[in-house]
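Peer 1: One file: start.csv (CSV, C-alpha atoms).
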```csv
chain,number,residue,atom,x,y,z
A,1,MET,CA,-23.1,-1.3,28.3
A,2,LYS,CA,-19.8,-0.5,26.7
A,3,THR,CA,-21.2,1.1,23.5
A,4,PRO,CA,-22.7,4.6,23.7
A,5,SER,CA,-26.5,4.2,23.6
A,6,SER,CA,-27.0,6.3,20.5
A,7,LEU,CA,-24.4,4.2,18.7
A,8,GLU,CA,-26.1,1.0,19.8
A,9,ALA,CA,-29.5,2.4,18.6
A,10,LEU,CA,-27.9,3.1,15.2
A,11,VAL,CA,-26.6,-0.4,14.9
A,12,GLU,CA,-30.0,-1.8,15.8
A,13,ALA,CA,-31.7,0.4,13.2
A,14,LEU,CA,-29.2,-0.6,10.5
A,15,ARG,CA,-29.9,-4.3,11.2
A,16,ARG,CA,-33.4,-3.8,9.9
A,17,LEU,CA,-32.1,-3.3,6.4
A,18,PRO,CA,-32.4,-6.4,4.2
A,19,GLY,CA,-29.2,-8.4,4.0
A,20,VAL,CA,-27.6,-6.6,6.9
A,21,GLY,CA,-26.6,-8.8,9.8
A,22,PRO,CA,-25.2,-7.8,13.2
A,23,LYS,CA,-21.6,-7.7,12.0
A,24,SER,CA,-22.3,-5.5,8.9
A,25,ALA,CA,-24.6,-3.2,10.9
A,26,GLN,CA,-21.8,-2.6,13.4
A,27,ARG,CA,-19.3,-2.1,10.6
A,28,MET,CA,-21.6,0.4,8.9
A,29,ALA,CA,-22.3,2.4,12.1
A,30,TYR,CA,-18.6,2.7,13.0
A,31,TYR,CA,-17.7,3.5,9.5
A,32,LEU,CA,-20.2,6.4,9.3
A,33,LEU,CA,-19.2,7.8,12.6
A,34,GLN,CA,-15.5,7.5,11.9
A,35,HIS,CA,-15.2,8.4,8.2
A,36,ASP,CA,-18.5,9.8,6.9
A,37,ARG,CA,-20.6,11.8,9.3
A,38,GLU,CA,-21.8,13.9,6.4
A,39,GLY,CA,-22.9,10.8,4.6
A,40,ALA,CA,-24.8,9.7,7.7
A,41,GLN,CA,-26.6,13.0,7.8
A,42,ARG,CA,-27.4,12.9,4.1
A,43,LEU,CA,-28.8,9.4,4.6
A,44,ALA,CA,-31.0,10.5,7.5
A,45,LYS,CA,-32.4,13.3,5.4
A,46,SER,CA,-33.0,11.1,2.4
A,47,LEU,CA,-34.8,8.5,4.5
A,48,GLY,CA,-37.1,11.2,5.9
A,49,GLU,CA,-37.9,12.7,2.6
A,50,ALA,CA,-38.5,9.5,0.7
A,51,VAL,CA,-40.8,8.2,3.5
A,52,THR,CA,-42.8,11.5,3.3
A,53,ARG,CA,-42.9,11.9,-0.4
A,54,VAL,CA,-43.0,8.5,-2.0
A,55,ARG,CA,-46.5,7.0,-2.6
A,56,HIS,CA,-48.0,4.6,-5.1
A,57,CYS,CA,-49.1,5.6,-8.6
A,58,ASP,CA,-52.9,5.6,-8.9
A,59,LYS,CA,-52.8,3.8,-12.2
A,60,CYS,CA,-50.0,1.2,-11.9
A,61,ASN,CA,-49.1,1.1,-8.2
A,62,ASN,CA,-45.4,1.9,-8.9
A,63,PHE,CA,-43.6,4.3,-6.6
A,64,ALA,CA,-44.3,7.9,-7.4
A,65,GLU,CA,-44.3,11.4,-5.9
A,66,GLU,CA,-47.3,12.5,-7.9
A,67,PRO,CA,-50.7,10.8,-8.3
A,68,LEU,CA,-49.4,9.4,-11.5
A,69,CYS,CA,-45.8,8.0,-11.9
A,70,GLU,CA,-43.5,9.3,-14.5
A,71,LEU,CA,-44.0,6.2,-16.7
A,72,CYS,CA,-47.8,6.4,-16.7
A,73,SER,CA,-47.8,10.1,-17.4
A,74,SER,CA,-45.2,9.8,-20.2
A,75,ALA,CA,-46.4,10.2,-23.8
A,76,ARG,CA,-43.4,8.2,-25.0
A,77,ARG,CA,-44.4,4.8,-23.6
A,78,ASP,CA,-46.3,2.3,-25.6
A,79,ALA,CA,-49.8,2.2,-24.0
A,80,SER,CA,-50.7,-1.0,-25.9
A,81,ILE,CA,-48.4,-3.2,-23.9
A,82,LEU,CA,-48.8,-3.8,-20.1
A,83,CYS,CA,-46.1,-5.5,-18.1
A,84,VAL,CA,-47.3,-7.1,-14.9
A,85,VAL,CA,-44.8,-7.4,-12.1
A,86,GLU,CA,-45.0,-8.2,-8.4
A,87,MET,CA,-43.2,-5.2,-6.8
A,88,PRO,CA,-42.1,-1.7,-7.5
A,89,GLY,CA,-38.4,-2.9,-7.3
A,90,ASP,CA,-39.2,-5.1,-10.3
A,91,VAL,CA,-40.2,-2.1,-12.4
A,92,ALA,CA,-36.8,-0.5,-11.6
A,93,MET,CA,-35.0,-3.7,-12.7
A,94,MET,CA,-37.0,-3.9,-15.9
A,95,GLU,CA,-36.2,-0.2,-16.7
A,96,GLN,CA,-32.6,-0.8,-16.1
A,97,ALA,CA,-32.6,-3.7,-18.5
A,98,GLN,CA,-33.8,-1.1,-21.2
A,99,ALA,CA,-35.6,-3.7,-23.2
A,100,TYR,CA,-39.2,-2.6,-22.7
A,101,ARG,CA,-41.0,0.6,-23.6
A,102,GLY,CA,-44.6,-0.2,-22.6
A,103,LEU,CA,-46.4,0.5,-19.3
A,104,TYR,CA,-46.5,-1.5,-16.1
A,105,PHE,CA,-48.9,-2.8,-13.5
A,106,VAL,CA,-47.5,-3.6,-10.1
A,107,LEU,CA,-49.5,-6.2,-8.2
A,108,LEU,CA,-47.9,-5.3,-4.8
A,109,GLY,CA,-48.0,-9.0,-4.0
A,110,ARG,CA,-48.5,-12.4,-5.4
A,111,LEU,CA,-51.0,-15.2,-4.9
A,112,SER,CA,-50.2,-17.3,-1.9
A,113,PRO,CA,-53.1,-19.4,-0.9
A,114,LEU,CA,-51.2,-20.9,2.1
A,115,ASP,CA,-50.8,-17.4,3.5
A,116,GLY,CA,-54.5,-16.6,2.7
A,117,ILE,CA,-53.6,-14.3,-0.2
A,118,GLY,CA,-56.0,-14.9,-3.0
A,119,PRO,CA,-57.1,-12.8,-6.0
A,120,LYS,CA,-59.1,-10.4,-3.8
A,121,GLU,CA,-56.2,-9.7,-1.5
A,122,ILE,CA,-54.0,-8.5,-4.3
A,123,ASN,CA,-56.9,-6.7,-6.0
A,124,LEU,CA,-56.7,-8.5,-9.3
A,125,ASP,CA,-60.0,-6.8,-10.3
A,126,ARG,CA,-58.0,-3.6,-10.6
A,127,LEU,CA,-55.6,-5.3,-13.0
A,128,VAL,CA,-58.5,-6.5,-15.1
A,129,LYS,CA,-59.9,-3.0,-15.2
A,130,ARG,CA,-56.5,-1.6,-16.1
A,131,ALA,CA,-55.8,-4.2,-18.8
A,132,THR,CA,-59.2,-3.8,-20.4
A,133,ASP,CA,-59.0,0.0,-20.9
A,134,GLY,CA,-59.3,-0.5,-24.7
A,135,GLN,CA,-55.7,0.5,-25.3
A,136,VAL,CA,-53.8,-2.5,-24.0
A,137,ARG,CA,-53.4,-5.3,-26.6
A,138,GLU,CA,-50.7,-7.4,-24.9
A,139,ALA,CA,-49.9,-8.3,-21.3
A,140,ILE,CA,-46.4,-9.4,-20.5
A,141,ILE,CA,-46.4,-11.3,-17.3
A,142,ALA,CA,-43.1,-10.8,-15.4
A,143,THR,CA,-43.8,-12.2,-12.0
A,144,ASN,CA,-41.0,-14.1,-10.4
A,145,PHE,CA,-40.2,-17.7,-11.4
A,146,THR,CA,-40.9,-18.9,-7.9
A,147,THR,CA,-43.8,-21.3,-7.1
A,148,GLU,CA,-46.0,-18.4,-6.0
A,149,GLY,CA,-44.9,-16.1,-8.9
A,150,GLU,CA,-45.7,-18.9,-11.4
A,151,ALA,CA,-49.1,-19.6,-9.9
A,152,THR,CA,-49.8,-15.9,-10.0
A,153,ALA,CA,-48.7,-15.8,-13.7
A,154,HIS,CA,-50.9,-18.8,-14.5
A,155,TYR,CA,-54.0,-17.3,-12.9
A,156,ILE,CA,-53.5,-13.9,-14.5
A,157,ALA,CA,-52.9,-15.4,-17.9
A,158,GLU,CA,-56.2,-17.3,-17.8
A,159,MET,CA,-58.0,-14.2,-16.6
A,160,LEU,CA,-56.7,-11.9,-19.2
A,161,THR,CA,-56.8,-14.4,-22.1
A,162,ALA,CA,-60.5,-14.8,-21.3
A,163,ARG,CA,-60.9,-11.1,-21.9
A,164,GLY,CA,-59.4,-11.3,-25.4
A,165,LEU,CA,-55.9,-10.0,-24.6
A,166,LYS,CA,-52.7,-11.5,-26.0
A,167,VAL,CA,-50.8,-12.7,-23.0
A,168,THR,CA,-47.0,-13.5,-22.9
A,169,ARG,CA,-44.5,-14.5,-20.2
A,170,ILE,CA,-40.9,-13.4,-20.0
A,171,ALA,CA,-38.5,-16.1,-21.0
A,172,ARG,CA,-36.7,-18.6,-18.8
A,173,GLY,CA,-33.3,-20.0,-19.6
A,174,LEU,CA,-29.6,-19.6,-19.1
A,175,PRO,CA,-28.4,-16.2,-17.9
A,176,VAL,CA,-26.4,-14.1,-20.4
A,177,GLY,CA,-22.8,-15.1,-20.1
A,178,GLY,CA,-24.0,-18.3,-18.3
A,179,GLU,CA,-22.2,-21.6,-18.6
A,180,LEU,CA,-23.9,-25.0,-18.7
A,181,GLU,CA,-21.4,-26.2,-16.1
A,182,HIS,CA,-22.6,-23.7,-13.5
A,183,VAL,CA,-26.3,-23.5,-14.1
A,184,ASP,CA,-28.8,-25.5,-12.0
A,185,SER,CA,-30.3,-28.5,-13.7
A,186,GLY,CA,-33.9,-27.2,-13.5
A,187,THR,CA,-32.9,-24.1,-15.4
A,188,LEU,CA,-31.0,-26.1,-18.0
A,189,ALA,CA,-33.9,-28.5,-18.4
A,190,GLN,CA,-36.3,-25.5,-19.0
A,191,SER,CA,-33.9,-24.0,-21.5
A,192,VAL,CA,-34.0,-27.2,-23.5
A,193,ILE,CA,-37.8,-27.5,-23.3
A,194,GLU,CA,-38.2,-23.8,-24.3
A,195,ARG,CA,-35.5,-23.9,-27.0
A,196,ARG,CA,-36.0,-21.6,-30.0
A,197,PRO,CA,-35.3,-22.0,-33.7
A,198,VAL,CA,-32.0,-20.4,-34.8
A,199,ASP,CA,-32.6,-17.6,-37.3
B,1,MET,CA,-35.9,10.0,-14.8
B,2,LYS,CA,-38.2,7.1,-14.1
B,3,THR,CA,-37.5,6.9,-10.4
B,4,PRO,CA,-39.0,9.5,-8.0
B,5,SER,CA,-36.2,11.9,-7.1
B,6,SER,CA,-36.5,11.4,-3.4
B,7,LEU,CA,-36.2,7.6,-3.9
B,8,GLU,CA,-33.2,8.1,-6.2
B,9,ALA,CA,-31.5,10.3,-3.5
B,10,LEU,CA,-32.2,7.6,-0.9
B,11,VAL,CA,-30.5,4.9,-3.1
B,12,GLU,CA,-27.5,7.2,-3.6
B,13,ALA,CA,-27.2,7.8,0.2
B,14,LEU,CA,-27.4,4.1,1.0
B,15,ARG,CA,-24.7,3.4,-1.5
B,16,ARG,CA,-22.2,5.3,0.7
B,17,LEU,CA,-22.5,2.6,3.4
B,18,PRO,CA,-19.6,0.2,3.3
B,19,GLY,CA,-20.2,-3.0,1.5
B,20,VAL,CA,-23.3,-1.7,-0.2
B,21,GLY,CA,-23.3,-1.7,-4.0
B,22,PRO,CA,-25.9,-0.2,-6.4
B,23,LYS,CA,-28.0,-3.3,-6.4
B,24,SER,CA,-28.2,-3.7,-2.6
B,25,ALA,CA,-28.8,0.0,-2.2
B,26,GLN,CA,-31.8,-0.2,-4.5
B,27,ARG,CA,-33.1,-3.3,-2.8
B,28,MET,CA,-32.8,-1.6,0.6
B,29,ALA,CA,-34.5,1.5,-0.5
B,30,TYR,CA,-37.4,-0.4,-2.1
B,31,TYR,CA,-37.7,-2.7,0.9
B,32,LEU,CA,-37.9,0.2,3.4
B,33,LEU,CA,-40.5,2.1,1.4
B,34,GLN,CA,-42.5,-1.1,0.6
B,35,HIS,CA,-42.3,-3.0,3.9
B,36,ASP,CA,-40.8,-0.9,6.7
B,37,ARG,CA,-41.4,2.8,6.6
B,38,GLU,CA,-41.3,2.9,10.4
B,39,GLY,CA,-37.9,1.3,10.3
B,40,ALA,CA,-36.8,3.9,7.8
B,41,GLN,CA,-37.9,6.7,10.1
B,42,ARG,CA,-36.2,5.0,13.1
B,43,LEU,CA,-33.0,4.7,11.1
B,44,ALA,CA,-33.1,8.4,10.1
B,45,LYS,CA,-33.6,9.4,13.8
B,46,SER,CA,-30.8,7.1,15.0
B,47,LEU,CA,-28.4,8.5,12.4
B,48,GLY,CA,-29.1,12.0,13.4
B,49,GLU,CA,-28.7,11.3,17.1
B,50,ALA,CA,-25.5,9.3,16.8
B,51,VAL,CA,-23.9,11.9,14.7
B,52,THR,CA,-24.8,14.6,17.2
B,53,ARG,CA,-23.9,12.7,20.4
B,54,VAL,CA,-21.0,10.4,19.6
B,55,ARG,CA,-17.5,11.9,20.1
B,56,HIS,CA,-14.1,10.5,21.0
B,57,CYS,CA,-13.1,9.6,24.6
B,58,ASP,CA,-10.5,12.1,25.8
B,59,LYS,CA,-8.4,9.4,27.3
B,60,CYS,CA,-8.5,6.5,24.8
B,61,ASN,CA,-10.1,7.9,21.6
B,62,ASN,CA,-12.9,5.3,21.7
B,63,PHE,CA,-16.4,6.4,20.8
B,64,ALA,CA,-18.2,8.0,23.8
B,65,GLU,CA,-21.1,10.3,24.6
B,66,GLU,CA,-19.3,11.8,27.6
B,67,PRO,CA,-15.7,13.2,27.8
B,68,LEU,CA,-14.6,9.8,29.1
B,69,CYS,CA,-15.9,6.5,27.6
B,70,GLU,CA,-17.6,3.9,29.8
B,71,LEU,CA,-14.5,1.7,29.8
B,72,CYS,CA,-12.1,4.5,30.9
B,73,SER,CA,-14.5,5.6,33.6
B,74,SER,CA,-15.2,2.1,34.9
B,75,ALA,CA,-13.6,1.0,38.2
B,76,ARG,CA,-13.9,-2.6,37.2
B,77,ARG,CA,-11.3,-2.6,34.4
B,78,ASP,CA,-7.7,-3.5,35.0
B,79,ALA,CA,-5.7,-0.2,34.6
B,80,SER,CA,-2.4,-2.1,34.5
B,81,ILE,CA,-3.0,-3.5,31.0
B,82,LEU,CA,-3.5,-1.3,27.9
B,83,CYS,CA,-4.6,-2.8,24.6
B,84,VAL,CA,-3.7,-0.7,21.5
B,85,VAL,CA,-6.0,-1.0,18.5
B,86,GLU,CA,-6.4,0.9,15.3
B,87,MET,CA,-10.1,1.9,15.3
B,88,PRO,CA,-13.1,2.2,17.7
B,89,GLY,CA,-14.7,-0.7,15.9
B,90,ASP,CA,-11.8,-2.9,17.0
B,91,VAL,CA,-12.6,-2.1,20.6
B,92,ALA,CA,-16.2,-3.3,20.0
B,93,MET,CA,-14.8,-6.5,18.5
B,94,MET,CA,-12.5,-7.1,21.5
B,95,GLU,CA,-15.3,-6.5,24.0
B,96,GLN,CA,-17.5,-8.9,22.1
B,97,ALA,CA,-14.8,-11.5,22.4
B,98,GLN,CA,-15.0,-11.1,26.2
B,99,ALA,CA,-11.4,-12.2,26.8
B,100,TYR,CA,-9.9,-8.8,28.0
B,101,ARG,CA,-10.6,-6.7,31.0
B,102,GLY,CA,-8.0,-4.0,30.8
B,103,LEU,CA,-8.2,-0.6,29.1
B,104,TYR,CA,-7.7,0.5,25.5
B,105,PHE,CA,-5.9,3.1,23.4
B,106,VAL,CA,-7.4,3.7,20.0
B,107,LEU,CA,-4.8,5.0,17.5
B,108,LEU,CA,-7.5,6.2,15.0
B,109,GLY,CA,-5.1,5.1,12.2
B,110,ARG,CA,-2.0,3.2,11.4
B,111,LEU,CA,1.5,4.0,10.2
B,112,SER,CA,1.4,4.3,6.4
B,113,PRO,CA,4.6,6.0,5.1
B,114,LEU,CA,3.4,5.7,1.5
B,115,ASP,CA,0.4,7.8,2.3
B,116,GLY,CA,2.5,10.2,4.4
B,117,ILE,CA,1.1,8.9,7.7
B,118,GLY,CA,4.0,8.8,10.2
B,119,PRO,CA,4.2,8.7,14.0
B,120,LYS,CA,3.2,12.3,14.2
B,121,GLU,CA,0.1,12.0,12.1
B,122,ILE,CA,-1.4,9.3,14.4
B,123,ASN,CA,-0.2,11.2,17.5
B,124,LEU,CA,2.0,8.4,18.9
B,125,ASP,CA,3.2,10.8,21.6
B,126,ARG,CA,-0.3,10.7,23.1
B,127,LEU,CA,0.0,6.9,23.3
B,128,VAL,CA,3.4,7.2,25.0
B,129,LYS,CA,2.0,9.6,27.5
B,130,ARG,CA,-1.0,7.4,28.2
B,131,ALA,CA,1.1,4.2,28.5
B,132,THR,CA,3.6,5.8,30.9
B,133,ASP,CA,1.0,7.1,33.4
B,134,GLY,CA,2.6,4.9,36.1
B,135,GLN,CA,-0.3,2.4,36.2
B,136,VAL,CA,0.2,0.6,32.9
B,137,ARG,CA,2.5,-2.4,33.1
B,138,GLU,CA,1.7,-4.3,29.9
B,139,ALA,CA,0.7,-3.1,26.5
B,140,ILE,CA,-1.0,-5.6,24.3
B,141,ILE,CA,-0.7,-4.6,20.6
B,142,ALA,CA,-3.8,-5.5,18.7
B,143,THR,CA,-3.4,-3.7,15.4
B,144,ASN,CA,-4.4,-5.6,12.3
B,145,PHE,CA,-2.2,-8.3,10.8
B,146,THR,CA,-1.9,-6.3,7.6
B,147,THR,CA,1.4,-4.8,6.3
B,148,GLU,CA,0.6,-1.5,7.8
B,149,GLY,CA,-0.8,-2.9,11.0
B,150,GLU,CA,2.3,-5.0,11.5
B,151,ALA,CA,4.6,-2.0,10.8
B,152,THR,CA,2.6,0.0,13.3
B,153,ALA,CA,2.9,-2.8,15.9
B,154,HIS,CA,6.6,-3.1,15.4
B,155,TYR,CA,7.1,0.7,15.8
B,156,ILE,CA,5.0,0.9,18.9
B,157,ALA,CA,6.6,-2.2,20.5
B,158,GLU,CA,10.1,-0.6,20.2
B,159,MET,CA,8.8,2.7,21.5
B,160,LEU,CA,7.1,1.2,24.6
B,161,THR,CA,9.7,-1.4,25.3
B,162,ALA,CA,12.3,1.4,25.5
B,163,ARG,CA,10.2,3.0,28.2
B,164,GLY,CA,10.3,-0.1,30.3
B,165,LEU,CA,6.8,-1.6,29.5
B,166,LYS,CA,6.1,-5.2,28.9
B,167,VAL,CA,4.8,-5.4,25.3
B,168,THR,CA,2.9,-8.3,23.9
B,169,ARG,CA,1.1,-8.9,20.5
B,170,ILE,CA,-2.1,-10.8,20.1
B,171,ALA,CA,-1.6,-14.3,18.6
B,172,ARG,CA,-1.7,-15.3,14.9
B,173,GLY,CA,-2.9,-18.8,13.9
B,174,LEU,CA,-5.8,-20.9,12.7
B,175,PRO,CA,-9.2,-19.6,13.5
B,176,VAL,CA,-11.2,-21.4,16.1
B,177,GLY,CA,-13.0,-24.2,14.3
B,178,GLY,CA,-10.6,-23.8,11.4
B,179,GLU,CA,-9.5,-26.6,9.2
B,180,LEU,CA,-6.0,-27.0,7.7
B,181,GLU,CA,-7.6,-27.7,4.3
B,182,HIS,CA,-9.3,-24.3,4.2
B,183,VAL,CA,-6.8,-22.0,5.7
B,184,ASP,CA,-4.3,-20.0,3.6
B,185,SER,CA,-0.7,-21.2,3.6
B,186,GLY,CA,0.7,-18.0,5.1
B,187,THR,CA,-1.5,-18.4,8.2
B,188,LEU,CA,-0.7,-22.1,8.4
B,189,ALA,CA,3.0,-21.4,8.1
B,190,GLN,CA,2.7,-18.8,10.9
B,191,SER,CA,0.8,-21.2,13.1
B,192,VAL,CA,3.7,-23.7,12.8
B,193,ILE,CA,6.4,-21.0,13.5
B,194,GLU,CA,4.4,-19.7,16.5
B,195,ARG,CA,3.5,-23.2,17.8
B,196,ARG,CA,3.1,-23.6,21.5
B,197,PRO,CA,3.9,-26.3,24.0
B,198,VAL,CA,0.9,-28.5,24.9
B,199,ASP,CA,0.2,-28.3,28.6
```
Could you take the file, read its structure, and then write that structure out as structure tokens?
Peer 2:
Amino acid sequence: MKTPSSLEALVEALRRLPGVGPKSAQRMAYYLLQHDREGAQRLAKSLGEAVTRVRHCDKCNNFAEEPLCELCSSARRDASILCVVEMPGDVAMMEQAQAYRGLYFVLLGRLSPLDGIGPKEINLDRLVKRATDGQVREAIIATNFTTEGEATAHYIAEMLTARGLKVTRIARGLPVGGELEHVDSGTLAQSVIERRPVD
Amino acid sequence: MKTPSSLEALVEALRRLPGVGPKSAQRMAYYLLQHDREGAQRLAKSLGEAVTRVRHCDKCNNFAEEPLCELCSSARRDASILCVVEMPGDVAMMEQAQAYRGLYFVLLGRLSPLDGIGPKEINLDRLVKRATDGQVREAIIATNFTTEGEATAHYIAEMLTARGLKVTRIARGLPVGGELEHVDSGTLAQSVIERRPVD
């Protein structure tokens, strides 16, 4: 009752952002009104425009403003490698890592039998069609290293190997700059199992 | 170049929120577009409405949609006590603590001589006028316990005491549920110096 209702509505709307609790939402709302009303207006405009303009690429499911995303329509990407990820955000992370110059396929999900999400629900037949276009030689599976991501990777690997593709999985191990003392034992164990010869 | 420009603009706009770095901004933008477009639109609307409708209360500087805020126009608040805080967000925090039923005065700043912010810049004469309206008997100073907040408290205390008001300061000490092992030594030292008799 003590907060103006438009301010209260703003706090509520901010709370829906991932990682934003009631305290941060309040801090954000007060900050914007106190110090950055122009930023608030810019954010409102950006939200509206992104929601209106951003759709999924017809070929890879990545976010795009045109039927084809910039990656799929670029002549400079290597069309013989296809990286399979779960979400559009994963493409952004991969691009920021600057270690990959092939194309992508975004599953927009992962296998999760307990939630009733099987191969059909995430349209794996579209992936098969995409991966067997005659150009793709290698599929790099970059789903998350969660239980579901691993199960998805396993399923896709079998499916694409059966169709004659070379299938690889991104590496697990210690993070760059990581110290043995601070890494969890599961990761450390994997990094021993998947050790590589020193050149 | 790889991200749709409206998506990029949204990430940039989200980065201006306090406590939001490039990674969280990206996560938020992708989350909204992937999972909660309705939430994005609601947020855009709330931002616009709050910016348009929220102003400062003529009497206490708190956020309000009318010339007077709900607190200043309420008959149920004790007009004999005035709590002085730095920012509108502090009023919200005080109200959520539910331990105060007087009125407020929001400084919209703090003394900061190094940044050229003196008594004039934060309009302390308006506070004096407000505090000497004949109704106020006690001023509770609730500025932050930072160097600048403390200096501001000190200055205001002298100013209002000289005008015959009873001036108090909110207490410093261990947080509720706090353990000696985890509190910083400055706070612990203060809680010893400002110890109180056990009833």
Peer 1: Skipping near chain neighbours, those fewer than 3 positions away, what residues fall within 12 Å of B:Gly118 using all atoms listed in the file, listed as a PyMOL selection string?
Peer 2: chain B and resi 109-115+121-125+148+151-152+155-156
Peer 1: One decimal, Å: what's the distance from atom CA of B:Val85 over to atom CA of B:Val136, could you say?
Peer 2: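 Atom-to-atom, atom CA of B:Val85 and atom CA of B:Val136 are spaced 15.8 Å apart.
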Peer 1: Report as a PyMOL selection string the set of chain B residues whose atoms approach chain A to within 7 Å, with distances computed over only C-alpha atoms.
Peer 2: chain B and resi 2+4+6-7+9-10+13-14+16-18+27-28+30+33+37+39-51+64-65+70-71+89
Peer 1: Grab the atom CA of B:Ser80 to atom CA of B:Met94 distance for me, in Å with one decimal place.
Peer 2: 17.2 Å
Peer 1: What's the 12 Å shell around A:Leu180, counting only C-alpha atoms, without same-chain residues fewer than 6 positions away, as a compact mmCIF listing (two decimals) with C-alpha atoms, in the frame of the given file?
Peer 2:
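Just written: result-v4.txt:
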```txt
# COMPACT_ATOMS: atom_id res chain seq x y z
CA GLY A 173 -33.30 -20.00 -19.60
CA LEU A 174 -29.60 -19.60 -19.10
CA GLY A 186 -33.90 -27.20 -13.50
CA THR A 187 -32.90 -24.10 -15.40
CA LEU A 188 -31.00 -26.10 -18.00
CA ALA A 189 -33.90 -28.50 -18.40
CA SER A 191 -33.90 -24.00 -21.50
CA VAL A 192 -34.00 -27.20 -23.50
```
Peer 1: Name the residues in contact with stretch 159-161 of chain B at a cut-off of 9 Å, using all atoms listed in the file, excluding same-chain residues fewer than 5 positions from it; report them as a PDB file with C-alpha atoms, in the frame of the given file.
Peer 2:
```
ATOM      1  CA  VAL B 128       3.400   7.200  25.000  1.00  0.00           C
ATOM      2  CA  ALA B 131       1.100   4.200  28.500  1.00  0.00           C
ATOM      3  CA  THR B 132       3.600   5.800  30.900  1.00  0.00           C
ATOM      4  CA  ALA B 139       0.700  -3.100  26.500  1.00  0.00           C
ATOM      5  CA  HIS B 154       6.600  -3.100  15.400  1.00  0.00           C
ATOM      6  CA  LYS B 166       6.100  -5.200  28.900  1.00  0.00           C
ATOM      7  CA  VAL B 167       4.800  -5.400  25.300  1.00  0.00           C
TER       8      VAL B 167
END
```
Peer 1: Rounded to one decimal in Å, what is the spacing between atom CA of A:Ser73 and atom CA of A:Ala171?
Peer 2: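 Separation between atom CA of A:Ser73 and atom CA of A:Ala171: 28.0 Å.
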Peer 1: Could you check the closest approach to B:Cys60 for each of B:Ile81, B:Leu127, B:Ala75, B:Ala99 and tell me which residue wins, using all atoms listed in the file?
Peer 2: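 Nearest to B:Cys60: B:Leu127.
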Peer 1: What would stretch 82-86 of chain B look like with all heavy atoms in place, written as an mmCIF file, in the frame of the given file?
Peer 2:
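Below is the file that was written, part_22.cif:
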```
data_model
loop_
_atom_site.group_PDB
_atom_site.id
_atom_site.type_symbol
_atom_site.label_atom_id
_atom_site.label_comp_id
_atom_site.auth_asym_id
_atom_site.auth_seq_id
_atom_site.Cartn_x
_atom_site.Cartn_y
_atom_site.Cartn_z
ATOM 1 N N LEU B 82 -2.936 -2.203 28.884
ATOM 2 C CA LEU B 82 -3.500 -1.300 27.900
ATOM 3 C C LEU B 82 -3.414 -1.984 26.515
ATOM 4 O O LEU B 82 -2.343 -2.421 26.070
ATOM 5 C CB LEU B 82 -2.593 -0.015 27.831
ATOM 6 C CG LEU B 82 -3.118 1.129 26.974
ATOM 7 C CD1 LEU B 82 -4.343 1.768 27.621
ATOM 8 C CD2 LEU B 82 -2.021 2.184 26.780
ATOM 9 N N CYS B 83 -4.560 -2.101 25.888
ATOM 10 C CA CYS B 83 -4.600 -2.800 24.600
ATOM 11 C C CYS B 83 -4.682 -1.682 23.490
ATOM 12 O O CYS B 83 -5.562 -0.823 23.501
ATOM 13 C CB CYS B 83 -5.869 -3.647 24.531
ATOM 14 S SG CYS B 83 -6.074 -4.475 22.963
ATOM 15 N N VAL B 84 -3.741 -1.734 22.561
ATOM 16 C CA VAL B 84 -3.700 -0.700 21.500
ATOM 17 C C VAL B 84 -4.298 -1.252 20.225
ATOM 18 O O VAL B 84 -3.864 -2.273 19.686
ATOM 19 C CB VAL B 84 -2.188 -0.338 21.236
ATOM 20 C CG1 VAL B 84 -2.112 0.743 20.159
ATOM 21 C CG2 VAL B 84 -1.512 0.121 22.519
ATOM 22 N N VAL B 85 -5.350 -0.572 19.759
ATOM 23 C CA VAL B 85 -6.000 -1.000 18.500
ATOM 24 C C VAL B 85 -6.046 0.171 17.527
ATOM 25 O O VAL B 85 -5.756 1.318 17.882
ATOM 26 C CB VAL B 85 -7.460 -1.470 18.790
ATOM 27 C CG1 VAL B 85 -7.482 -2.702 19.687
ATOM 28 C CG2 VAL B 85 -8.295 -0.350 19.396
ATOM 29 N N GLU B 86 -6.414 -0.136 16.286
ATOM 30 C CA GLU B 86 -6.400 0.900 15.300
ATOM 31 C C GLU B 86 -7.674 1.777 15.322
ATOM 32 O O GLU B 86 -7.600 2.991 15.230
ATOM 33 C CB GLU B 86 -6.283 0.284 13.867
ATOM 34 C CG GLU B 86 -4.952 -0.456 13.672
ATOM 35 C CD GLU B 86 -4.799 -1.046 12.264
ATOM 36 O OE1 GLU B 86 -5.545 -0.633 11.342
ATOM 37 O OE2 GLU B 86 -3.939 -1.924 12.082
#
```
